[in-house]
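Below: run-v3.pdb (PDB, C-alpha atoms)
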ATOM      1  CA  MET A   1     143.506 113.478 216.222
ATOM      2  CA  THR A   2     140.025 114.881 215.722
ATOM      3  CA  PRO A   3     139.120 118.256 217.231
ATOM      4  CA  LEU A   4     136.987 116.471 219.844
ATOM      5  CA  GLN A   5     139.931 114.286 220.857
ATOM      6  CA  ASN A   6     142.103 117.397 221.072
ATOM      7  CA  PHE A   7     139.459 118.988 223.264
ATOM      8  CA  SER A   8     139.383 115.925 225.556
ATOM      9  CA  GLU A   9     143.153 116.105 225.947
ATOM     10  CA  ALA A  10     142.992 119.843 226.627
ATOM     11  CA  LEU A  11     140.199 119.310 229.175
ATOM     12  CA  HIS A  12     142.227 116.656 230.986
ATOM     13  CA  ILE A  13     145.204 119.015 231.059
ATOM     14  CA  ALA A  14     143.087 121.938 232.297
ATOM     15  CA  PHE A  15     141.481 119.739 234.952
ATOM     16  CA  GLY A  16     144.916 118.438 235.977
ATOM     17  CA  LEU A  17     146.252 121.999 236.196
ATOM     18  CA  ALA A  18     143.285 123.005 238.344
ATOM     19  CA  LEU A  19     144.004 120.100 240.723
ATOM     20  CA  LEU A  20     147.690 121.014 240.716
ATOM     21  CA  TRP A  21     146.758 124.614 241.572
ATOM     22  CA  PHE A  22     144.724 123.323 244.544
ATOM     23  CA  LEU A  23     147.600 121.063 245.606
ATOM     24  CA  VAL A  24     150.254 123.801 245.475
ATOM     25  CA  PHE A  25     148.344 126.862 246.726
ATOM     26  CA  LYS A  26     146.175 125.181 249.320
ATOM     27  CA  LEU A  27     147.303 121.726 250.459
ATOM     28  CA  ALA A  28     151.095 122.101 250.178
ATOM     29  CA  LYS A  29     150.933 125.626 251.621
ATOM     30  CA  ASP A  30     148.908 124.461 254.651
ATOM     31  CA  TYR A  31     151.253 121.505 255.150
ATOM     32  CA  ARG A  32     154.372 123.695 255.080
ATOM     33  CA  ILE A  33     152.920 126.076 257.669
ATOM     34  CA  ASP A  34     151.925 123.160 259.922
ATOM     35  CA  ALA A  35     155.365 121.555 259.483
ATOM     36  CA  LEU A  36     157.156 124.774 260.489
ATOM     37  CA  ARG A  37     154.899 125.207 263.519
ATOM     38  CA  ASP A  38     155.491 121.605 264.561
ATOM     39  CA  ARG A  39     159.289 122.031 264.382
ATOM     40  CA  LEU A  40     159.125 125.334 266.279
ATOM     41  CA  PHE A  41     156.986 123.683 268.960
ATOM     42  CA  ALA A  42     159.633 120.945 269.240
ATOM     43  CA  LEU A  43     162.298 123.630 269.666
ATOM     44  CA  ARG A  44     160.202 125.398 272.293
ATOM     45  CA  GLU A  45     159.887 122.117 274.201
ATOM     46  CA  LYS A  46     163.670 121.721 273.989
ATOM     47  CA  LEU A  47     164.042 125.212 275.483
ATOM     48  CA  PHE A  48     161.558 124.339 278.258
ATOM     49  CA  ASP A  49     163.440 121.112 279.025
ATOM     50  CA  TYR A  50     166.713 123.036 279.165
ATOM     51  CA  ALA A  51     165.204 125.479 281.679
ATOM     52  CA  LEU A  52     163.739 122.545 283.638
ATOM     53  CA  SER A  53     167.183 120.951 283.863
ATOM     54  CA  GLY A  54     168.471 124.173 285.465
ATOM     55  CA  GLY A  55     170.399 125.546 282.511
ATOM     56  CA  VAL A  56     168.490 128.819 282.704
ATOM     57  CA  SER A  57     165.848 130.118 285.089
ATOM     58  CA  PHE A  58     162.209 130.225 283.939
ATOM     59  CA  ASN A  59     162.149 133.835 285.111
ATOM     60  CA  HIS A  60     165.328 134.929 283.321
ATOM     61  CA  PRO A  61     164.652 137.402 280.466
ATOM     62  CA  ALA A  62     166.840 135.298 278.150
ATOM     63  CA  TYR A  63     164.363 132.418 278.554
ATOM     64  CA  THR A  64     161.099 134.410 278.615
ATOM     65  CA  LYS A  65     161.972 136.641 275.670
ATOM     66  CA  PHE A  66     163.274 133.727 273.582
ATOM     67  CA  ARG A  67     160.050 131.838 274.297
ATOM     68  CA  VAL A  68     158.005 134.903 273.262
ATOM     69  CA  LEU A  69     160.059 135.094 270.037
ATOM     70  CA  ILE A  70     159.378 131.439 269.227
ATOM     71  CA  ASN A  71     155.683 131.930 270.076
ATOM     72  CA  SER A  72     155.526 134.947 267.741
ATOM     73  CA  LEU A  73     157.043 132.944 264.896
ATOM     74  CA  ILE A  74     154.631 130.078 265.557
ATOM     75  CA  ARG A  75     151.621 132.374 265.636
ATOM     76  CA  PHE A  76     152.557 134.236 262.465
ATOM     77  CA  ALA A  77     154.110 131.298 260.582
ATOM     78  CA  HIS A  78     151.484 131.821 257.878
ATOM     79  CA  ARG A  79     153.064 135.218 257.163
ATOM     80  CA  LEU A  80     156.649 133.982 256.894
ATOM     81  CA  THR A  81     157.113 134.157 253.160
ATOM     82  CA  PHE A  82     159.973 134.994 250.843
ATOM     83  CA  THR A  83     158.031 137.982 249.478
ATOM     84  CA  ARG A  84     157.684 139.593 252.903
ATOM     85  CA  PHE A  85     161.285 138.733 253.724
ATOM     86  CA  ALA A  86     162.589 140.240 250.459
ATOM     87  CA  ALA A  87     160.354 143.306 250.817
ATOM     88  CA  GLY A  88     161.710 143.817 254.330
ATOM     89  CA  VAL A  89     165.328 143.543 253.185
ATOM     90  CA  VAL A  90     164.734 145.954 250.272
ATOM     91  CA  PHE A  91     162.899 148.408 252.541
ATOM     92  CA  VAL A  92     165.666 148.372 255.134
ATOM     93  CA  THR A  93     168.333 148.762 252.425
ATOM     94  CA  CYS A  94     166.579 151.546 250.477
ATOM     95  CA  LYS A  95     165.466 153.506 253.512
ATOM     96  CA  ARG A  96     168.743 152.779 255.314
ATOM     97  CA  ALA A  97     166.478 152.089 258.267
ATOM     98  CA  GLU A  98     167.755 150.516 261.428
ATOM     99  CA  VAL A  99     166.105 147.334 262.582
ATOM    100  CA  ARG A 100     164.355 148.583 265.677
ATOM    101  CA  ASP A 101     162.847 146.286 268.095
ATOM    102  CA  GLN A 102     163.455 146.751 271.746
ATOM    103  CA  ALA A 103     162.381 143.170 272.584
ATOM    104  CA  LEU A 104     164.982 141.582 270.274
ATOM    105  CA  ALA A 105     167.738 143.919 271.505
ATOM    106  CA  GLU A 106     166.780 143.137 275.106
ATOM    107  CA  TRP A 107     167.011 139.405 274.392
ATOM    108  CA  TYR A 108     170.530 139.753 272.991
ATOM    109  CA  SER A 109     171.530 141.739 276.112
ATOM    110  CA  ALA A 110     169.887 139.227 278.441
ATOM    111  CA  VAL A 111     171.758 136.309 276.876
ATOM    112  CA  GLU A 112     175.059 138.077 277.537
ATOM    113  CA  THR A 113     174.307 137.998 281.289
ATOM    114  CA  LEU A 114     174.147 134.171 281.338
ATOM    115  CA  GLU A 115     176.917 131.723 282.096
ATOM    116  CA  PRO A 116     179.054 130.946 279.001
ATOM    117  CA  GLU A 117     177.619 127.419 278.637
ATOM    118  CA  ALA A 118     174.029 128.689 278.840
ATOM    119  CA  GLN A 119     174.883 131.459 276.377
ATOM    120  CA  GLN A 120     176.221 128.881 273.910
ATOM    121  CA  THR A 121     173.136 126.705 274.296
ATOM    122  CA  LEU A 122     170.641 129.508 273.831
ATOM    123  CA  LYS A 123     172.550 130.931 270.881
ATOM    124  CA  ARG A 124     172.652 127.471 269.309
ATOM    125  CA  MET A 125     168.893 127.117 269.802
ATOM    126  CA  HIS A 126     168.412 130.583 268.315
ATOM    127  CA  LEU A 127     170.428 129.567 265.250
ATOM    128  CA  GLU A 128     168.382 126.359 265.037
ATOM    129  CA  MET A 129     165.211 128.480 265.079
ATOM    130  CA  LEU A 130     166.549 130.707 262.300
ATOM    131  CA  MET A 131     167.523 127.649 260.245
ATOM    132  CA  LEU A 132     163.963 126.314 260.532
ATOM    133  CA  VAL A 133     162.612 129.657 259.329
ATOM    134  CA  VAL A 134     165.136 129.885 256.465
ATOM    135  CA  ARG A 135     164.307 126.310 255.423
ATOM    136  CA  HIS A 136     160.616 127.296 255.364
ATOM    137  CA  LEU A 137     161.367 130.390 253.259
ATOM    138  CA  ILE A 138     163.514 128.398 250.825
ATOM    139  CA  THR A 139     161.071 125.554 250.248
ATOM    140  CA  GLY A 140     158.265 128.006 249.545
ATOM    141  CA  SER A 141     159.967 130.048 246.882
ATOM    142  CA  PRO A 142     161.438 129.059 243.489
ATOM    143  CA  VAL A 143     163.783 132.071 243.726
ATOM    144  CA  MET A 144     165.133 130.973 247.108
ATOM    145  CA  LEU A 145     165.459 127.368 245.886
ATOM    146  CA  PHE A 146     167.615 128.615 243.011
ATOM    147  CA  LEU A 147     169.774 130.750 245.324
ATOM    148  CA  MET A 148     170.155 127.789 247.671
ATOM    149  CA  PHE A 149     171.160 125.564 244.757
ATOM    150  CA  VAL A 150     173.844 128.040 243.664
ATOM    151  CA  PHE A 151     175.074 128.366 247.238
ATOM    152  CA  SER A 152     175.098 124.552 247.627
ATOM    153  CA  LEU A 153     177.334 124.196 244.573
ATOM    154  CA  TRP A 154     179.687 126.795 246.014
ATOM    155  CA  ALA A 155     179.594 125.086 249.434
ATOM    156  CA  ALA A 156     180.253 121.636 247.925
ATOM    157  CA  LEU A 157     183.189 123.010 245.955
ATOM    158  CA  ASN A 158     184.563 124.561 249.140
ATOM    159  CA  GLY A 159     184.119 121.299 251.031
ATOM    160  CA  ILE A 160     181.591 122.568 253.609
ATOM    161  CA  ALA A 161     178.536 120.762 252.221
ATOM    162  CA  LYS A 162     177.518 119.393 255.641
ATOM    163  CA  ARG A 163     177.042 122.813 257.206
ATOM    164  CA  PHE A 164     175.793 124.738 254.136
ATOM    165  CA  LEU A 165     172.424 125.465 255.617
ATOM    166  CA  GLU A 166     173.983 126.853 258.789
ATOM    167  CA  ALA A 167     176.382 128.949 256.719
ATOM    168  CA  PHE A 168     173.572 130.146 254.449
ATOM    169  CA  THR A 169     171.518 131.144 257.460
ATOM    170  CA  ASP A 170     174.489 132.909 258.968
ATOM    171  CA  ARG A 171     175.079 134.948 255.817
ATOM    172  CA  LEU A 172     171.491 135.710 254.943
ATOM    173  CA  PRO A 173     170.709 139.384 255.621
ATOM    174  CA  GLY A 174     167.438 140.527 257.097
ATOM    175  CA  LEU A 175     166.794 137.771 259.653
ATOM    176  CA  ASP A 176     166.706 140.294 262.515
ATOM    177  CA  GLU A 177     164.077 142.167 260.503
ATOM    178  CA  LEU A 178     162.042 138.967 260.140
ATOM    179  CA  GLN A 179     162.161 138.259 263.876
ATOM    180  CA  SER A 180     161.261 141.880 264.651
ATOM    181  CA  GLN A 181     158.225 141.704 262.387
ATOM    182  CA  ALA A 182     156.942 138.604 264.156
ATOM    183  CA  LEU A 183     157.444 140.189 267.607
ATOM    184  CA  ILE A 184     155.816 143.436 266.520
ATOM    185  CA  ALA A 185     152.812 141.665 265.013
ATOM    186  CA  ASP A 186     152.338 139.708 268.231
ATOM    187  CA  ASP A 187     152.766 142.811 270.405
ATOM    188  CA  THR A 188     150.306 144.778 268.249
ATOM    189  CA  GLU A 189     147.684 142.065 268.690
ATOM    190  CA  ARG A 190     148.256 141.917 272.459
ATOM    191  CA  ARG A 191     147.902 145.722 272.731
ATOM    192  CA  ALA A 192     144.709 145.637 270.647
ATOM    193  CA  PHE A 193     143.343 142.881 272.892
ATOM    194  CA  ALA A 194     144.291 144.824 276.057
ATOM    195  CA  HIS A 195     142.671 148.010 274.686
ATOM    196  CA  THR A 196     139.462 146.126 273.799
ATOM    197  CA  SER A 197     139.334 144.600 277.310
ATOM    198  CA  GLU A 198     139.748 148.052 278.922
ATOM    199  CA  GLU A 199     136.926 149.472 276.785
ATOM    200  CA  ALA A 200     134.646 146.538 277.676
ATOM    201  CA  LEU A 201     135.335 147.061 281.396
ATOM    202  CA  ALA A 202     134.729 150.826 281.101
ATOM    203  CA  HIS A 203     131.297 150.221 279.543
ATOM    204  CA  ARG A 204     130.139 147.916 282.378
TER     205      ARG A 204
ATOM    206  CA  MET B   1     152.745 148.541 278.437
ATOM    207  CA  ALA B   2     155.603 150.961 277.658
ATOM    208  CA  LYS B   3     154.799 153.892 275.379
ATOM    209  CA  LEU B   4     156.352 153.718 271.914
ATOM    210  CA  THR B   5     158.702 156.389 270.612
ATOM    211  CA  ALA B   6     158.179 158.148 267.261
ATOM    212  CA  ALA B   7     161.041 156.159 265.710
ATOM    213  CA  GLU B   8     159.564 152.864 266.884
ATOM    214  CA  LEU B   9     156.138 153.865 265.546
ATOM    215  CA  ARG B  10     157.716 154.690 262.174
ATOM    216  CA  TYR B  11     159.449 151.308 262.150
ATOM    217  CA  ARG B  12     156.163 149.560 262.968
ATOM    218  CA  LEU B  13     154.548 151.424 260.077
ATOM    219  CA  HIS B  14     157.274 150.158 257.746
ATOM    220  CA  CYS B  15     156.660 146.603 259.046
ATOM    221  CA  ARG B  16     152.977 147.039 258.250
ATOM    222  CA  ILE B  17     153.792 148.238 254.706
ATOM    223  CA  VAL B  18     156.053 145.213 254.166
ATOM    224  CA  ASP B  19     153.253 142.976 255.414
ATOM    225  CA  MET B  20     150.772 144.575 253.012
ATOM    226  CA  ILE B  21     153.150 144.067 250.056
ATOM    227  CA  GLY B  22     153.400 140.403 251.009
ATOM    228  CA  SER B  23     149.614 140.060 251.309
ATOM    229  CA  VAL B  24     149.053 141.659 247.888
ATOM    230  CA  VAL B  25     151.621 139.434 246.139
ATOM    231  CA  HIS B  26     150.298 136.290 247.843
ATOM    232  CA  THR B  27     146.787 137.150 246.723
ATOM    233  CA  ILE B  28     147.723 138.051 243.138
ATOM    234  CA  VAL B  29     149.959 135.039 242.359
ATOM    235  CA  PRO B  30     147.482 132.218 243.133
ATOM    236  CA  TRP B  31     144.557 134.015 241.505
ATOM    237  CA  ALA B  32     146.684 134.805 238.428
ATOM    238  CA  GLY B  33     147.370 131.064 238.225
ATOM    239  CA  ALA B  34     143.662 130.292 238.517
ATOM    240  CA  VAL B  35     142.840 132.827 235.783
ATOM    241  CA  LEU B  36     145.500 131.225 233.541
ATOM    242  CA  VAL B  37     144.006 127.754 234.021
ATOM    243  CA  ALA B  38     140.519 129.123 233.305
ATOM    244  CA  PHE B  39     141.903 130.813 230.192
ATOM    245  CA  PHE B  40     143.360 127.506 228.910
ATOM    246  CA  PHE B  41     139.992 125.874 229.479
ATOM    247  CA  TYR B  42     138.206 128.709 227.677
ATOM    248  CA  LYS B  43     140.572 128.529 224.682
ATOM    249  CA  SER B  44     140.085 124.775 224.381
ATOM    250  CA  VAL B  45     136.288 125.125 224.463
ATOM    251  CA  SER B  46     136.146 128.174 222.201
ATOM    252  CA  SER B  47     138.019 126.291 219.446
ATOM    253  CA  LEU B  48     134.921 124.086 219.127
ATOM    254  CA  ALA B  49     132.427 126.972 219.160
ATOM    255  CA  GLY B  50     130.012 126.903 216.253
ATOM    256  CA  ARG B  51     131.242 123.472 215.104
ATOM    257  CA  TYR B  52     129.993 121.074 217.792
ATOM    258  CA  THR B  53     127.117 121.076 220.269
ATOM    259  CA  PHE B  54     127.518 120.614 224.032
ATOM    260  CA  SER B  55     126.043 117.135 223.856
ATOM    261  CA  GLN B  56     128.511 116.145 221.106
ATOM    262  CA  ILE B  57     131.361 117.550 223.211
ATOM    263  CA  GLY B  58     130.098 115.760 226.343
ATOM    264  CA  VAL B  59     129.657 112.420 224.586
ATOM    265  CA  GLY B  60     132.989 112.826 222.834
ATOM    266  CA  PHE B  61     134.749 113.562 226.134
ATOM    267  CA  LEU B  62     133.139 110.662 227.974
ATOM    268  CA  GLY B  63     133.797 108.329 225.062
ATOM    269  CA  ASP B  64     137.461 109.301 225.081
ATOM    270  CA  PHE B  65     137.788 108.777 228.837
ATOM    271  CA  ARG B  66     140.256 105.939 229.395
ATOM    272  CA  ILE B  67     140.320 103.557 232.346
ATOM    273  CA  SER B  68     143.897 104.637 233.093
ATOM    274  CA  ASP B  69     142.681 108.256 233.410
ATOM    275  CA  GLY B  70     139.955 107.160 235.802
ATOM    276  CA  VAL B  71     142.371 105.111 237.906
ATOM    277  CA  ALA B  72     144.762 108.094 238.040
ATOM    278  CA  TYR B  73     141.981 110.453 239.187
ATOM    279  CA  ILE B  74     140.774 107.976 241.809
ATOM    280  CA  PHE B  75     144.370 107.524 243.069
ATOM    281  CA  GLY B  76     144.849 111.305 243.301
ATOM    282  CA  ALA B  77     141.513 111.859 245.023
ATOM    283  CA  GLY B  78     142.285 109.001 247.388
ATOM    284  CA  GLY B  79     145.652 110.527 248.262
ATOM    285  CA  VAL B  80     144.093 113.916 248.983
ATOM    286  CA  GLY B  81     141.360 112.304 251.059
ATOM    287  CA  TYR B  82     143.950 110.345 253.064
ATOM    288  CA  GLY B  83     145.897 113.552 253.728
ATOM    289  CA  VAL B  84     142.773 115.413 254.837
ATOM    290  CA  LYS B  85     141.769 112.630 257.239
ATOM    291  CA  GLN B  86     145.271 112.393 258.689
ATOM    292  CA  THR B  87     145.279 116.183 259.224
ATOM    293  CA  GLN B  88     141.941 115.940 261.026
ATOM    294  CA  LEU B  89     143.287 113.150 263.252
ATOM    295  CA  ARG B  90     146.353 115.234 264.099
ATOM    296  CA  ARG B  91     144.251 118.297 264.943
ATOM    297  CA  ASN B  92     141.988 116.164 267.127
ATOM    298  CA  ASN B  93     145.094 114.934 268.930
ATOM    299  CA  VAL B  94     146.371 118.495 269.391
ATOM    300  CA  GLU B  95     143.004 119.610 270.780
ATOM    301  CA  ARG B  96     142.988 116.729 273.212
ATOM    302  CA  THR B  97     146.577 116.983 274.483
ATOM    303  CA  ALA B  98     147.673 120.631 274.162
ATOM    304  CA  GLY B  99     145.584 121.865 277.083
ATOM    305  CA  ARG B 100     146.911 119.144 279.362
ATOM    306  CA  ILE B 101     150.520 119.855 278.383
ATOM    307  CA  ALA B 102     149.996 123.591 279.005
ATOM    308  CA  GLU B 103     148.558 122.915 282.477
ATOM    309  CA  LEU B 104     151.427 120.613 283.435
ATOM    310  CA  GLU B 105     154.017 123.097 282.166
ATOM    311  CA  LYS B 106     152.324 125.919 284.105
ATOM    312  CA  GLN B 107     152.917 123.984 287.319
ATOM    313  CA  LEU B 108     156.645 124.256 286.632
ATOM    314  CA  ASP B 109     156.636 127.632 284.865
ATOM    315  CA  PRO B 110     153.699 129.758 286.143
ATOM    316  CA  ALA B 111     154.595 132.626 283.790
ATOM    317  CA  ARG B 112     154.486 130.312 280.779
ATOM    318  CA  SER B 113     153.667 132.214 277.568
ATOM    319  CA  SER B 114     151.586 130.752 274.747
ATOM    320  CA  SER B 115     151.685 130.888 270.965
ATOM    321  CA  ARG B 116     147.958 131.744 271.064
ATOM    322  CA  LEU B 117     146.987 129.476 268.175
ATOM    323  CA  THR B 118     143.482 127.983 268.237
ATOM    324  CA  PRO B 119     142.927 124.891 270.437
ATOM    325  CA  ARG B 120     143.295 122.760 267.289
ATOM    326  CA  GLY B 121     146.668 124.324 266.437
ATOM    327  CA  THR B 122     145.458 126.392 263.492
ATOM    328  CA  THR B 123     145.864 130.080 262.659
ATOM    329  CA  ARG B 124     143.452 132.358 264.498
ATOM    330  CA  PRO B 125     140.801 133.795 262.127
ATOM    331  CA  GLU B 126     141.656 137.370 263.133
ATOM    332  CA  ASP B 127     145.348 136.753 262.282
ATOM    333  CA  LYS B 128     144.371 135.457 258.820
ATOM    334  CA  LYS B 129     142.374 138.579 257.950
ATOM    335  CA  ARG B 130     145.293 141.022 258.382
TER     336      ARG B 130
END
Hey, can you dump this file as structure tokens for me?
Amino acid sequence: MTPLQNFSEALHIAFGLALLWFLVFKLAKDYRIDALRDRLFALREKLFDYALSGGVSFNHPAYTKFRVLINSLIRFAHRLTFTRFAAGVVFVTCKRAEVRDQALAEWYSAVETLEPEAQQTLKRMHLEMLMLVVRHLITGSPVMLFLMFVFSLWAALNGIAKRFLEAFTDRLPGLDELQSQALIADDTERRAFAHTSEEALAHR
Amino acid sequence: MAKLTAAELRYRLHCRIVDMIGSVVHTIVPWAGAVLVAFFFYKSVSSLAGRYTFSQIGVGFLGDFRISDGVAYIFGAGGVGYGVKQTQLRRNNVERTAGRIAELEKQLDPARSSSRLTPRGTTRPEDKKR
């Protein structure tokens, strides 16, 4: 091949890589965020339908706080990444910090006050929500894909291949931290909005 | 709203630090990739420096452009265009129906909380900046 032919090949490859960069870091990223939001919206509708059928009252804290949690995850889905998740786990481990979020703790307590059947249903929906988030984290990170692959091999060997995602979610540390971060981010924004509204009213 | 304790404030600070680490990494990685691609392009062009003119390079590149390459680029561009149009259609649908669904749900659940996305179902600009 002549140098000019080599250059043409290299230009095609560079152009292809540039398009691939756009596909991975823009298009695929936007799609994954939209897909997670869509699935969380579907779960929120399922929760609404369950309350509508009388399984739990619309005014019960177990319903309202769970809905707020799902809303927080929907709103900040663009921030649910493996990097933030790993950084949170490392931070909590190194600092030996307790996961502190009153809202999440209150939800757990509220669920305990429900009838056993309603408790089961809400806990199952909560696990479903966590599985959606874990799936999103896994598909967005080569590291998580590798860990999932290793875990899948182990799960297949142990004969629990069908429920490996549920088991992986169950064993994954730091999910409370992830939920807390979403709730805190949402609460921070609401407080900032409330403070801005008060200032605007005071200036009138 | 309830006042936050010192411990809760410290925890929120740690959440903010974690968020900042994530933001930094997710800014560095894509731009490092872009720099790498630009570097490959630069190296391929610089190998011809002083030996060929731009017009020779341009003619050489166009002359070497195969029909199969063109078809592949058109197919890729077509696929991306299809995806963009479908996304627009979906967002139009969300904008049209989400408000109605919210109103109907509020009749059954007056204290209904919202995810506070934009009317088209996208991330709020102020949430993207942080």
Near chain B, 6 Å: chain A residue rows, closest pairs, all atoms listed in the file, as CSV:
residue,atom,partner,partner_atom,distance
A:Phe7,CA,B:Ser44,CA,5.9
A:Ser8,CA,B:Phe61,CA,5.2
A:Ala14,CA,B:Phe41,CA,5.7
A:Asn71,CA,B:Ser115,CA,4.2
A:Arg75,CA,B:Ser115,CA,5.5
A:Thr83,CA,B:Gly22,CA,5.4
A:Arg84,CA,B:Gly22,CA,4.8
A:Ala87,CA,B:Val18,CA,5.8
A:Gly88,CA,B:Val18,CA,5.8
Let me know the centre plus edge lengths, in Å and rounded to one decimal, of a box with edges along x, y and z that contains all listed atoms of segment 118-133 of chain A and is padded by 8 Å on every side, as JSON.
{"center_x": 169.4, "center_y": 128.9, "center_z": 269.1, "size_x": 29.6, "size_y": 21.1, "size_z": 35.5}
Exercise for the section: Return as a ChimeraX atom specification the set of residues that the PyMOL selection byres ((chain A and resi 35) around 12) yields on the displayed structure. Expected result: /A:28-34,36-42,74,77-78,132-133,135-136,139 /B:87,90,121-122
Exercise for the section: Please write as a VMD selection string the full residue list that the PyMOL selection byres ((chain A and resi 144) around 12) yields on this file. Expected result: chain A and resid 81 to 83 85 to 86 134 to 143 145 to 152 168 172
Problem - Residue nearest Ala155 of chain A among A:Gln181, A:Ala167, A:His195, A:Ala110 (counting only C-alpha atoms) - result: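 Once distances to Ala155 of chain A are computed over only C-alpha atoms, the minimum belongs to A:Ala167.
Note that the spacing between atom CA of Ala200 of chain A and atom CA of Pro119 of chain B amounts to 24.3 Å.
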Practice task
Mind giving me the straight-line distance from atom CA of Asp170 of chain A to atom CA of Cys94 of chain A in Å, one decimal?
Solution key: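 So the two atoms, atom CA of Asp170 of chain A and atom CA of Cys94 of chain A, lie 22.0 Å apart.
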Practice task
Provide the atom CA of Ser53 of chain A to atom CA of Glu117 of chain A distance in Å, to one decimal place.
Solution key: 13.3 Å
Problem - Nearest residue to Gly55 of chain A from the set A:Thr196, A:Thr188, A:Asn158, A:Gln119 (distances using all atoms listed in the file) - result: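 Smallest separation from Gly55 of chain A among the options: A:Gln119.
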Explicit residues for the PyMOL selection byres ((chain A and resi 106) around 12) (as a compact mmCIF listing (two decimals) with C-alpha atoms, in the frame of the given file):
# COMPACT_ATOMS: atom_id res chain seq x y z
CA HIS A 60 165.33 134.93 283.32
CA PRO A 61 164.65 137.40 280.47
CA ALA A 62 166.84 135.30 278.15
CA TYR A 63 164.36 132.42 278.55
CA THR A 64 161.10 134.41 278.62
CA LYS A 65 161.97 136.64 275.67
CA PHE A 66 163.27 133.73 273.58
CA LEU A 69 160.06 135.09 270.04
CA ARG A 100 164.36 148.58 265.68
CA ASP A 101 162.85 146.29 268.10
CA GLN A 102 163.46 146.75 271.75
CA ALA A 103 162.38 143.17 272.58
CA LEU A 104 164.98 141.58 270.27
CA ALA A 105 167.74 143.92 271.50
CA TRP A 107 167.01 139.40 274.39
CA TYR A 108 170.53 139.75 272.99
CA SER A 109 171.53 141.74 276.11
CA ALA A 110 169.89 139.23 278.44
CA VAL A 111 171.76 136.31 276.88
CA GLU A 112 175.06 138.08 277.54
CA THR A 113 174.31 138.00 281.29
CA SER A 180 161.26 141.88 264.65
